[in-house]
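Peer 1: This is the content of start-v4.cif (mmCIF, N, CA and C atoms):
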data_work
#
loop_
_atom_site.label_atom_id
_atom_site.label_comp_id
_atom_site.auth_asym_id
_atom_site.auth_seq_id
_atom_site.Cartn_x
_atom_site.Cartn_y
_atom_site.Cartn_z
N MET A 1 320.88 22.96 193.56
CA MET A 1 320.13 23.79 192.63
C MET A 1 320.61 23.57 191.20
N SER A 2 321.93 23.50 191.01
CA SER A 2 322.45 23.31 189.65
C SER A 2 322.08 21.93 189.11
N LYS A 3 321.95 20.95 189.99
CA LYS A 3 321.53 19.61 189.57
C LYS A 3 320.09 19.66 189.03
N PHE A 4 319.23 20.43 189.71
CA PHE A 4 317.85 20.60 189.27
C PHE A 4 317.80 21.27 187.90
N ILE A 5 318.56 22.31 187.70
CA ILE A 5 318.58 23.02 186.42
C ILE A 5 319.09 22.11 185.32
N TYR A 6 320.14 21.36 185.61
CA TYR A 6 320.70 20.44 184.63
C TYR A 6 319.66 19.39 184.24
N THR A 7 318.96 18.82 185.22
CA THR A 7 317.92 17.82 184.96
C THR A 7 316.79 18.43 184.13
N TYR A 8 316.39 19.65 184.48
CA TYR A 8 315.34 20.34 183.74
C TYR A 8 315.74 20.54 182.28
N ILE A 9 316.96 20.96 182.03
CA ILE A 9 317.43 21.18 180.66
C ILE A 9 317.43 19.87 179.88
N ILE A 10 317.88 18.80 180.49
CA ILE A 10 317.90 17.48 179.83
C ILE A 10 316.47 17.05 179.48
N LEU A 11 315.55 17.14 180.43
CA LEU A 11 314.16 16.72 180.18
C LEU A 11 313.50 17.62 179.14
N PHE A 12 313.71 18.92 179.23
CA PHE A 12 313.13 19.84 178.27
C PHE A 12 313.62 19.52 176.86
N THR A 13 314.91 19.30 176.70
CA THR A 13 315.49 18.96 175.40
C THR A 13 314.92 17.65 174.88
N PHE A 14 314.78 16.65 175.75
CA PHE A 14 314.25 15.35 175.35
C PHE A 14 312.81 15.48 174.83
N PHE A 15 311.96 16.16 175.60
CA PHE A 15 310.56 16.25 175.21
C PHE A 15 310.37 17.11 173.97
N CYS A 16 311.15 18.14 173.81
CA CYS A 16 311.03 18.98 172.62
C CYS A 16 311.49 18.25 171.38
N SER A 17 312.54 17.46 171.51
CA SER A 17 313.08 16.77 170.34
C SER A 17 312.34 15.47 170.04
N SER A 18 311.54 14.97 170.99
CA SER A 18 310.86 13.70 170.77
C SER A 18 309.50 13.88 170.10
N GLN A 19 309.03 15.14 169.96
CA GLN A 19 307.77 15.34 169.27
C GLN A 19 307.93 14.99 167.80
N GLU A 20 306.95 14.27 167.27
CA GLU A 20 306.98 13.90 165.86
C GLU A 20 306.71 15.14 165.01
N LYS A 21 307.58 15.39 164.05
CA LYS A 21 307.37 16.51 163.15
C LYS A 21 306.34 16.10 162.11
N ILE A 22 305.36 16.94 161.91
CA ILE A 22 304.30 16.66 160.95
C ILE A 22 304.76 17.20 159.59
N ASN A 23 304.87 16.31 158.64
CA ASN A 23 305.33 16.67 157.31
C ASN A 23 304.15 17.14 156.46
N LEU A 24 304.16 18.41 156.09
CA LEU A 24 303.09 18.97 155.26
C LEU A 24 303.52 19.17 153.82
N ASP A 25 304.62 18.53 153.43
CA ASP A 25 305.06 18.63 152.04
C ASP A 25 304.08 17.90 151.13
N TRP A 26 303.71 18.53 150.04
CA TRP A 26 302.85 17.92 149.03
C TRP A 26 303.45 18.22 147.67
N ILE A 27 303.01 17.48 146.67
CA ILE A 27 303.55 17.62 145.32
C ILE A 27 302.43 18.09 144.39
N ASN A 28 302.74 19.12 143.60
CA ASN A 28 301.81 19.56 142.56
C ASN A 28 301.93 18.55 141.43
N THR A 29 300.98 17.65 141.35
CA THR A 29 301.02 16.55 140.38
C THR A 29 300.29 16.89 139.09
N GLY A 30 299.64 18.05 139.05
CA GLY A 30 298.85 18.42 137.88
C GLY A 30 297.45 17.83 137.92
N SER A 31 297.15 17.06 138.95
CA SER A 31 295.84 16.44 139.12
C SER A 31 295.31 16.87 140.48
N ASN A 32 294.19 17.59 140.49
CA ASN A 32 293.68 18.01 141.80
C ASN A 32 292.16 18.16 141.79
N MET A 33 291.63 18.34 142.98
CA MET A 33 290.24 18.72 143.17
C MET A 33 290.22 19.87 144.17
N THR A 34 289.11 20.55 144.24
CA THR A 34 288.97 21.68 145.15
C THR A 34 287.89 21.37 146.18
N ILE A 35 288.22 21.64 147.44
CA ILE A 35 287.24 21.50 148.51
C ILE A 35 287.10 22.85 149.19
N ALA A 36 285.89 23.40 149.14
CA ALA A 36 285.59 24.65 149.85
C ALA A 36 285.19 24.28 151.27
N ILE A 37 285.72 25.02 152.23
CA ILE A 37 285.39 24.81 153.64
C ILE A 37 284.70 26.09 154.12
N LEU A 38 283.42 25.94 154.48
CA LEU A 38 282.61 27.11 154.82
C LEU A 38 282.65 27.47 156.30
N ASN A 39 282.78 26.47 157.17
CA ASN A 39 282.66 26.74 158.59
C ASN A 39 283.47 25.73 159.39
N VAL A 40 284.03 26.20 160.49
CA VAL A 40 284.75 25.32 161.42
C VAL A 40 284.32 25.68 162.84
N PRO A 41 284.47 24.76 163.78
CA PRO A 41 284.12 25.09 165.16
C PRO A 41 285.14 26.06 165.76
N GLU A 42 284.68 27.22 166.18
CA GLU A 42 285.56 28.25 166.71
C GLU A 42 286.23 27.83 168.01
N ASP A 43 285.63 26.89 168.74
CA ASP A 43 286.24 26.45 169.99
C ASP A 43 287.37 25.45 169.75
N THR A 44 287.52 24.99 168.51
CA THR A 44 288.56 24.02 168.17
C THR A 44 289.62 24.60 167.26
N ILE A 45 289.18 25.25 166.19
CA ILE A 45 290.10 25.76 165.18
C ILE A 45 290.16 27.28 165.28
N SER A 46 291.39 27.78 165.40
CA SER A 46 291.61 29.21 165.58
C SER A 46 292.36 29.80 164.39
N LEU A 47 292.36 31.11 164.31
CA LEU A 47 293.12 31.84 163.31
C LEU A 47 294.56 31.34 163.30
N GLY A 48 295.05 30.97 162.11
CA GLY A 48 296.43 30.51 161.97
C GLY A 48 296.63 29.01 162.09
N ASP A 49 295.60 28.27 162.49
CA ASP A 49 295.71 26.81 162.56
C ASP A 49 295.71 26.22 161.15
N THR A 50 296.20 25.01 161.03
CA THR A 50 296.30 24.34 159.74
C THR A 50 295.19 23.29 159.60
N ILE A 51 294.56 23.29 158.44
CA ILE A 51 293.63 22.23 158.06
C ILE A 51 294.29 21.50 156.90
N ALA A 52 294.52 20.21 157.07
CA ALA A 52 295.26 19.44 156.07
C ALA A 52 294.49 18.17 155.71
N VAL A 53 294.77 17.65 154.51
CA VAL A 53 294.20 16.37 154.09
C VAL A 53 295.35 15.39 153.87
N PHE A 54 295.11 14.14 154.26
CA PHE A 54 296.14 13.12 154.17
C PHE A 54 295.61 11.89 153.45
N TYR A 55 296.53 11.19 152.77
CA TYR A 55 296.22 9.93 152.12
C TYR A 55 297.19 8.86 152.64
N ASN A 56 296.82 7.61 152.44
CA ASN A 56 297.64 6.50 152.91
C ASN A 56 298.57 6.05 151.79
N ASN A 57 299.86 5.99 152.11
CA ASN A 57 300.86 5.50 151.16
C ASN A 57 301.68 4.42 151.85
N ASP A 58 301.32 3.16 151.63
CA ASP A 58 301.99 2.02 152.28
C ASP A 58 302.01 2.18 153.79
N ASN A 59 300.84 2.46 154.38
CA ASN A 59 300.65 2.62 155.82
C ASN A 59 301.38 3.82 156.41
N VAL A 60 301.73 4.78 155.57
CA VAL A 60 302.29 6.05 156.00
C VAL A 60 301.35 7.15 155.54
N MET A 61 300.91 7.98 156.46
CA MET A 61 300.01 9.08 156.11
C MET A 61 300.83 10.20 155.48
N LYS A 62 300.43 10.62 154.27
CA LYS A 62 301.13 11.67 153.53
C LYS A 62 300.16 12.82 153.27
N CYS A 63 300.69 14.03 153.33
CA CYS A 63 299.88 15.22 153.11
C CYS A 63 299.56 15.37 151.63
N GLY A 64 298.28 15.63 151.34
CA GLY A 64 297.84 15.86 149.97
C GLY A 64 297.34 17.27 149.75
N GLY A 65 297.64 18.18 150.70
CA GLY A 65 297.25 19.57 150.59
C GLY A 65 296.86 20.13 151.94
N TYR A 66 297.00 21.45 152.08
CA TYR A 66 296.59 22.08 153.33
C TYR A 66 296.32 23.56 153.12
N VAL A 67 295.62 24.16 154.09
CA VAL A 67 295.39 25.60 154.14
C VAL A 67 295.57 26.06 155.58
N ILE A 68 295.89 27.33 155.71
CA ILE A 68 295.95 27.97 157.02
C ILE A 68 294.61 28.68 157.23
N TRP A 69 293.93 28.36 158.32
CA TRP A 69 292.62 28.95 158.59
C TRP A 69 292.78 30.43 158.90
N ASP A 70 291.98 31.28 158.21
CA ASP A 70 292.07 32.73 158.40
C ASP A 70 290.74 33.33 158.85
N ASN A 71 289.90 32.50 159.46
CA ASN A 71 288.58 32.91 159.95
C ASN A 71 287.61 33.28 158.84
N ASN A 72 287.91 32.85 157.62
CA ASN A 72 287.02 33.05 156.48
C ASN A 72 286.86 31.72 155.75
N ARG A 73 285.91 31.68 154.87
CA ARG A 73 285.78 30.50 154.02
C ARG A 73 287.06 30.32 153.22
N VAL A 74 287.48 29.07 153.04
CA VAL A 74 288.72 28.81 152.32
C VAL A 74 288.49 27.73 151.26
N ALA A 75 289.38 27.69 150.28
CA ALA A 75 289.39 26.63 149.27
C ALA A 75 290.69 25.86 149.43
N LEU A 76 290.57 24.57 149.48
CA LEU A 76 291.70 23.67 149.69
C LEU A 76 291.94 22.87 148.42
N SER A 77 293.15 22.95 147.87
CA SER A 77 293.53 22.11 146.73
C SER A 77 293.98 20.76 147.26
N VAL A 78 293.38 19.71 146.74
CA VAL A 78 293.69 18.34 147.13
C VAL A 78 294.36 17.68 145.93
N TRP A 79 295.60 17.23 146.11
CA TRP A 79 296.40 16.75 144.98
C TRP A 79 296.25 15.26 144.76
N GLY A 80 296.02 14.90 143.49
CA GLY A 80 295.87 13.50 143.09
C GLY A 80 297.20 12.90 142.70
N ASN A 81 297.19 11.61 142.51
CA ASN A 81 298.38 10.88 142.13
C ASN A 81 298.78 11.21 140.69
N ASP A 82 300.07 11.30 140.47
CA ASP A 82 300.61 11.48 139.12
C ASP A 82 300.80 10.09 138.52
N SER A 83 299.96 9.74 137.57
CA SER A 83 299.99 8.38 137.00
C SER A 83 301.20 8.15 136.10
N THR A 84 301.98 9.19 135.82
CA THR A 84 303.16 9.02 134.96
C THR A 84 304.41 8.66 135.77
N THR A 85 304.28 8.57 137.11
CA THR A 85 305.42 8.19 137.95
C THR A 85 305.12 6.86 138.64
N ASP A 86 306.16 6.18 139.08
CA ASP A 86 306.00 4.90 139.75
C ASP A 86 305.54 5.06 141.20
N GLU A 87 305.93 6.15 141.83
CA GLU A 87 305.58 6.33 143.24
C GLU A 87 304.19 6.93 143.39
N LYS A 88 303.56 6.63 144.52
CA LYS A 88 302.27 7.24 144.83
C LYS A 88 302.57 8.59 145.45
N ASP A 89 302.08 9.66 144.80
CA ASP A 89 302.39 11.01 145.28
C ASP A 89 301.14 11.87 145.42
N GLY A 90 300.00 11.22 145.61
CA GLY A 90 298.74 11.93 145.81
C GLY A 90 297.61 10.93 145.94
N PHE A 91 296.39 11.44 145.93
CA PHE A 91 295.21 10.58 146.10
C PHE A 91 294.89 9.83 144.81
N TYR A 92 294.49 8.56 144.96
CA TYR A 92 293.94 7.80 143.84
C TYR A 92 292.47 8.20 143.65
N PHE A 93 291.91 7.95 142.48
CA PHE A 93 290.50 8.19 142.21
C PHE A 93 289.66 7.42 143.23
N ASN A 94 288.70 8.09 143.83
CA ASN A 94 287.78 7.54 144.84
C ASN A 94 288.46 7.16 146.16
N GLU A 95 289.69 7.61 146.38
CA GLU A 95 290.35 7.35 147.66
C GLU A 95 289.80 8.31 148.71
N GLU A 96 289.65 7.80 149.93
CA GLU A 96 289.11 8.61 151.02
C GLU A 96 290.06 9.76 151.38
N ILE A 97 289.49 10.94 151.52
CA ILE A 97 290.23 12.13 151.95
C ILE A 97 290.03 12.26 153.45
N ILE A 98 291.12 12.28 154.20
CA ILE A 98 291.06 12.37 155.66
C ILE A 98 291.50 13.77 156.08
N PHE A 99 290.63 14.46 156.80
CA PHE A 99 290.90 15.82 157.26
C PHE A 99 291.55 15.80 158.63
N PHE A 100 292.53 16.70 158.82
CA PHE A 100 293.17 16.87 160.12
C PHE A 100 293.27 18.34 160.47
N HIS A 101 293.17 18.61 161.76
CA HIS A 101 293.43 19.93 162.33
C HIS A 101 294.81 19.83 162.98
N ILE A 102 295.69 20.76 162.64
CA ILE A 102 297.04 20.75 163.19
C ILE A 102 297.28 22.06 163.93
N LYS A 103 297.66 21.92 165.19
CA LYS A 103 297.93 23.09 166.04
C LYS A 103 299.04 22.73 167.00
N ASN A 104 300.05 23.56 167.06
CA ASN A 104 301.18 23.35 167.98
C ASN A 104 301.80 21.96 167.83
N GLY A 105 301.90 21.49 166.60
CA GLY A 105 302.53 20.19 166.35
C GLY A 105 301.68 18.99 166.68
N ILE A 106 300.40 19.20 167.00
CA ILE A 106 299.50 18.09 167.33
C ILE A 106 298.46 17.97 166.22
N LYS A 107 298.27 16.74 165.75
CA LYS A 107 297.38 16.45 164.63
C LYS A 107 296.15 15.71 165.14
N ASN A 108 294.96 16.28 164.90
CA ASN A 108 293.70 15.64 165.30
C ASN A 108 292.81 15.47 164.08
N ILE A 109 292.18 14.30 163.99
CA ILE A 109 291.30 14.02 162.86
C ILE A 109 290.03 14.85 162.97
N LEU A 110 289.53 15.26 161.81
CA LEU A 110 288.28 16.03 161.73
C LEU A 110 287.25 15.27 160.91
N ASN A 111 286.01 15.43 161.26
CA ASN A 111 284.90 14.93 160.45
C ASN A 111 284.37 16.08 159.61
N ALA A 112 283.74 15.75 158.50
CA ALA A 112 283.23 16.78 157.61
C ALA A 112 281.77 16.50 157.27
N LYS A 113 280.98 17.56 157.32
CA LYS A 113 279.60 17.52 156.85
C LYS A 113 279.59 18.21 155.49
N PHE A 114 279.29 17.45 154.45
CA PHE A 114 279.35 17.98 153.09
C PHE A 114 278.01 18.54 152.64
N MET A 115 278.08 19.69 151.99
CA MET A 115 276.92 20.30 151.37
C MET A 115 276.79 19.79 149.94
N THR A 116 277.95 19.65 149.28
CA THR A 116 278.03 19.14 147.90
C THR A 116 279.23 18.21 147.81
N GLY A 117 279.07 17.11 147.12
CA GLY A 117 280.18 16.18 146.97
C GLY A 117 280.38 15.33 148.21
N ASN A 118 281.61 14.79 148.33
CA ASN A 118 281.92 13.90 149.45
C ASN A 118 283.43 13.91 149.69
N ASN A 119 283.89 12.99 150.53
CA ASN A 119 285.30 12.94 150.88
C ASN A 119 286.07 11.90 150.07
N LEU A 120 285.66 11.68 148.82
CA LEU A 120 286.37 10.78 147.92
C LEU A 120 287.00 11.60 146.81
N PHE A 121 288.30 11.34 146.54
CA PHE A 121 289.01 12.13 145.55
C PHE A 121 288.47 11.89 144.15
N SER A 122 288.32 12.99 143.41
CA SER A 122 287.91 12.94 142.01
C SER A 122 288.68 14.04 141.28
N ASN A 123 289.43 13.66 140.25
CA ASN A 123 290.21 14.64 139.50
C ASN A 123 289.28 15.72 138.93
N ASN A 124 289.65 16.97 139.13
CA ASN A 124 288.86 18.14 138.72
C ASN A 124 287.53 18.24 139.45
N GLY A 125 287.36 17.48 140.54
CA GLY A 125 286.13 17.51 141.31
C GLY A 125 286.04 18.73 142.20
N ILE A 126 284.82 19.03 142.62
CA ILE A 126 284.57 20.11 143.56
C ILE A 126 283.63 19.59 144.64
N SER A 127 284.04 19.79 145.88
CA SER A 127 283.18 19.46 147.03
C SER A 127 283.08 20.69 147.91
N VAL A 128 281.97 20.78 148.64
CA VAL A 128 281.78 21.89 149.57
C VAL A 128 281.50 21.30 150.95
N VAL A 129 282.37 21.66 151.90
CA VAL A 129 282.19 21.23 153.29
C VAL A 129 281.42 22.32 154.01
N GLU A 130 280.23 21.95 154.49
CA GLU A 130 279.42 22.91 155.25
C GLU A 130 280.08 23.19 156.58
N LYS A 131 280.63 22.12 157.21
CA LYS A 131 281.25 22.30 158.52
C LYS A 131 282.23 21.17 158.80
N LEU A 132 283.38 21.53 159.32
CA LEU A 132 284.32 20.55 159.88
C LEU A 132 284.09 20.49 161.39
N TYR A 133 284.18 19.31 161.96
CA TYR A 133 283.98 19.18 163.41
C TYR A 133 284.80 18.01 163.93
#
Represent the structure from my file as structure tokens, please.

Peer 2:
Amino acid sequence: MSKFIYTYIILFTFFCSSQEKINLDWINTGSNMTIAILNVPEDTISLGDTIAVFYNNDNVMKCGGYVIWDNNRVALSVWGNDSTTDEKDGFYFNEEIIFFHIKNGIKNILNAKFMTGNNLFSNNGISVVEKLY
């Protein structure tokens, strides 16, 4: 019995520690756009889930902003690149904005149906997502 418990503890520790941590750190670069999200599928996104946008930085996906879904319409700040620094720390002009749903440490890509605008970054831009799915 103690061998079983010991094995269980080892496996539990391994699986818990092997999950990739999703980094939601973003930088306020002074350059942003706003995306309003009007509706999400209730069977997928629940109260307290995270909706995040990511950009590609040398084949590494980096967070460019996120919101916690509160069952109401939300506004998401999407941060652009700071052109006064050498590193890429946000979206470039016209770079594709990729939406993700994050729940329990699992990240799934979302598609967006836009009412106004699109999924390309524009400094001081405003887009309205009719529905994420």

Peer 1: From the set A:Phe114, A:Ile27, A:Asn94, A:Thr34, which residue has the shortest atom-to-atom contact distance to Cys63 in chain A, counting only N, CA and C atoms?

Peer 2: A:Ile27

Peer 1: Give the helix (DSSP H, G or I) residues of range 4-90 of chain A, as assigned by DSSP on the backbone, as a list in words.

Peer 2: Phe4, Ile5, Tyr6, Thr7, Tyr8, Ile9, Ile10, Leu11, Phe12, Thr13, Phe14, Phe15, Cys16, Ser17 and Ser18 of chain A

Peer 1: Select, from A:Phe91, A:Val78, A:Glu96, A:Ser83, the residue with the minimum atom-to-atom distance to Ile35 in chain A, counting all atoms listed in the file.

Peer 2: A:Val78

Peer 1: When the PyMOL selection byres (((chain A and resi 44-61 and name CA) around 6) and name CA) is applied to the file above, which residues end up in the set, as a list of chain:residue names?

Peer 2: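 Applied to this file, the PyMOL selection byres (((chain A and resi 44-61 and name CA) around 6) and name CA) returns A:Pro41, A:Glu42, A:Asp43, A:Lys62, A:Cys63, A:Gly64, A:Gly65, A:Tyr66, A:Val67, A:Ile68, A:Trp69, A:Asp70, A:Asn71, A:Ile98, A:Phe99, A:Phe100, A:His101, A:Ile102, A:Lys103.
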
Peer 1: Between A:Leu120, A:Ile109, A:Leu38, A:Met115, which is the closest to Tyr92 in chain A once you count all atoms listed in the file?

Peer 2: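 Nearest candidate to Tyr92 in chain A out of A:Leu120, A:Ile109, A:Leu38, A:Met115: A:Leu120.
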
Peer 1: Extract the full set of strand (DSSP E) residues from chain A according to DSSP on the backbone, and format it as a ChimeraX atom specification.

Peer 2: /A:32-37,50-57,60-68,74-79,98-103,106-110,112-116,126-132

Peer 1: Counting only C-alpha atoms, I want the residues whose atoms come within 8 Å of (281.2, 28.8, 156.0) in the file frame, returned as a list in words.

Peer 2: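 Residues lying no farther than 8 Å from the given point: Ile37, Leu38, Asn39, Val40, Asn72, Arg73, Glu130 and Lys131 of chain A.
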
Peer 1: Can you work out the spacing between CA of Trp26 in chain A and CA of Gly80 in chain A in Å, to one decimal?

Peer 2: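 Computing it gives 10.2 Å between the two atoms.
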
Peer 1: May I ask for the distance between CA of Tyr133 in chain A and atom C of Asn32 in chain A, given in Å to one decimal place?

Peer 2: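 If I compute the distance from CA of Tyr133 in chain A to atom C of Asn32 in chain A, I get 23.1 Å.
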
Peer 1: Using only N, CA and C atoms, which of A:Ala75, A:Asp82, A:Lys107, A:Glu87 sits nearest Thr29 in chain A?

Peer 2: A:Asp82

Peer 1: Please measure the separation of CA of Leu110 in chain A and atom C of Leu132 in chain A, giving the value in Å to one decimal.

Peer 2: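 If I compute the distance from CA of Leu110 in chain A to atom C of Leu132 in chain A, I get 6.1 Å.
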
Peer 1: Taking only C-alpha atoms into account, name the residue in A:Leu24, A:Ala36, A:Trp79, A:Gly30 that is nearest to Phe93 in chain A.

Peer 2: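 Of A:Leu24, A:Ala36, A:Trp79, A:Gly30, the one nearest Phe93 in chain A, counting only C-alpha atoms, is A:Trp79.
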
Peer 1: For the point (281.9, 18.2, 149.9) in file coordinates, what residues are within 5 Å, counting only N, CA and C atoms? Give the answer as number ranges by chain?

Peer 2: A: 114-118, 127-129

Peer 1: Calculated over only C-alpha atoms, which of the candidates A:Phe121, A:Ile126, A:Asn104, A:Asn111 has the smallest distance to Lys21 in chain A?

Peer 2: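 Closest to Lys21 in chain A, using only C-alpha atoms: A:Asn104.
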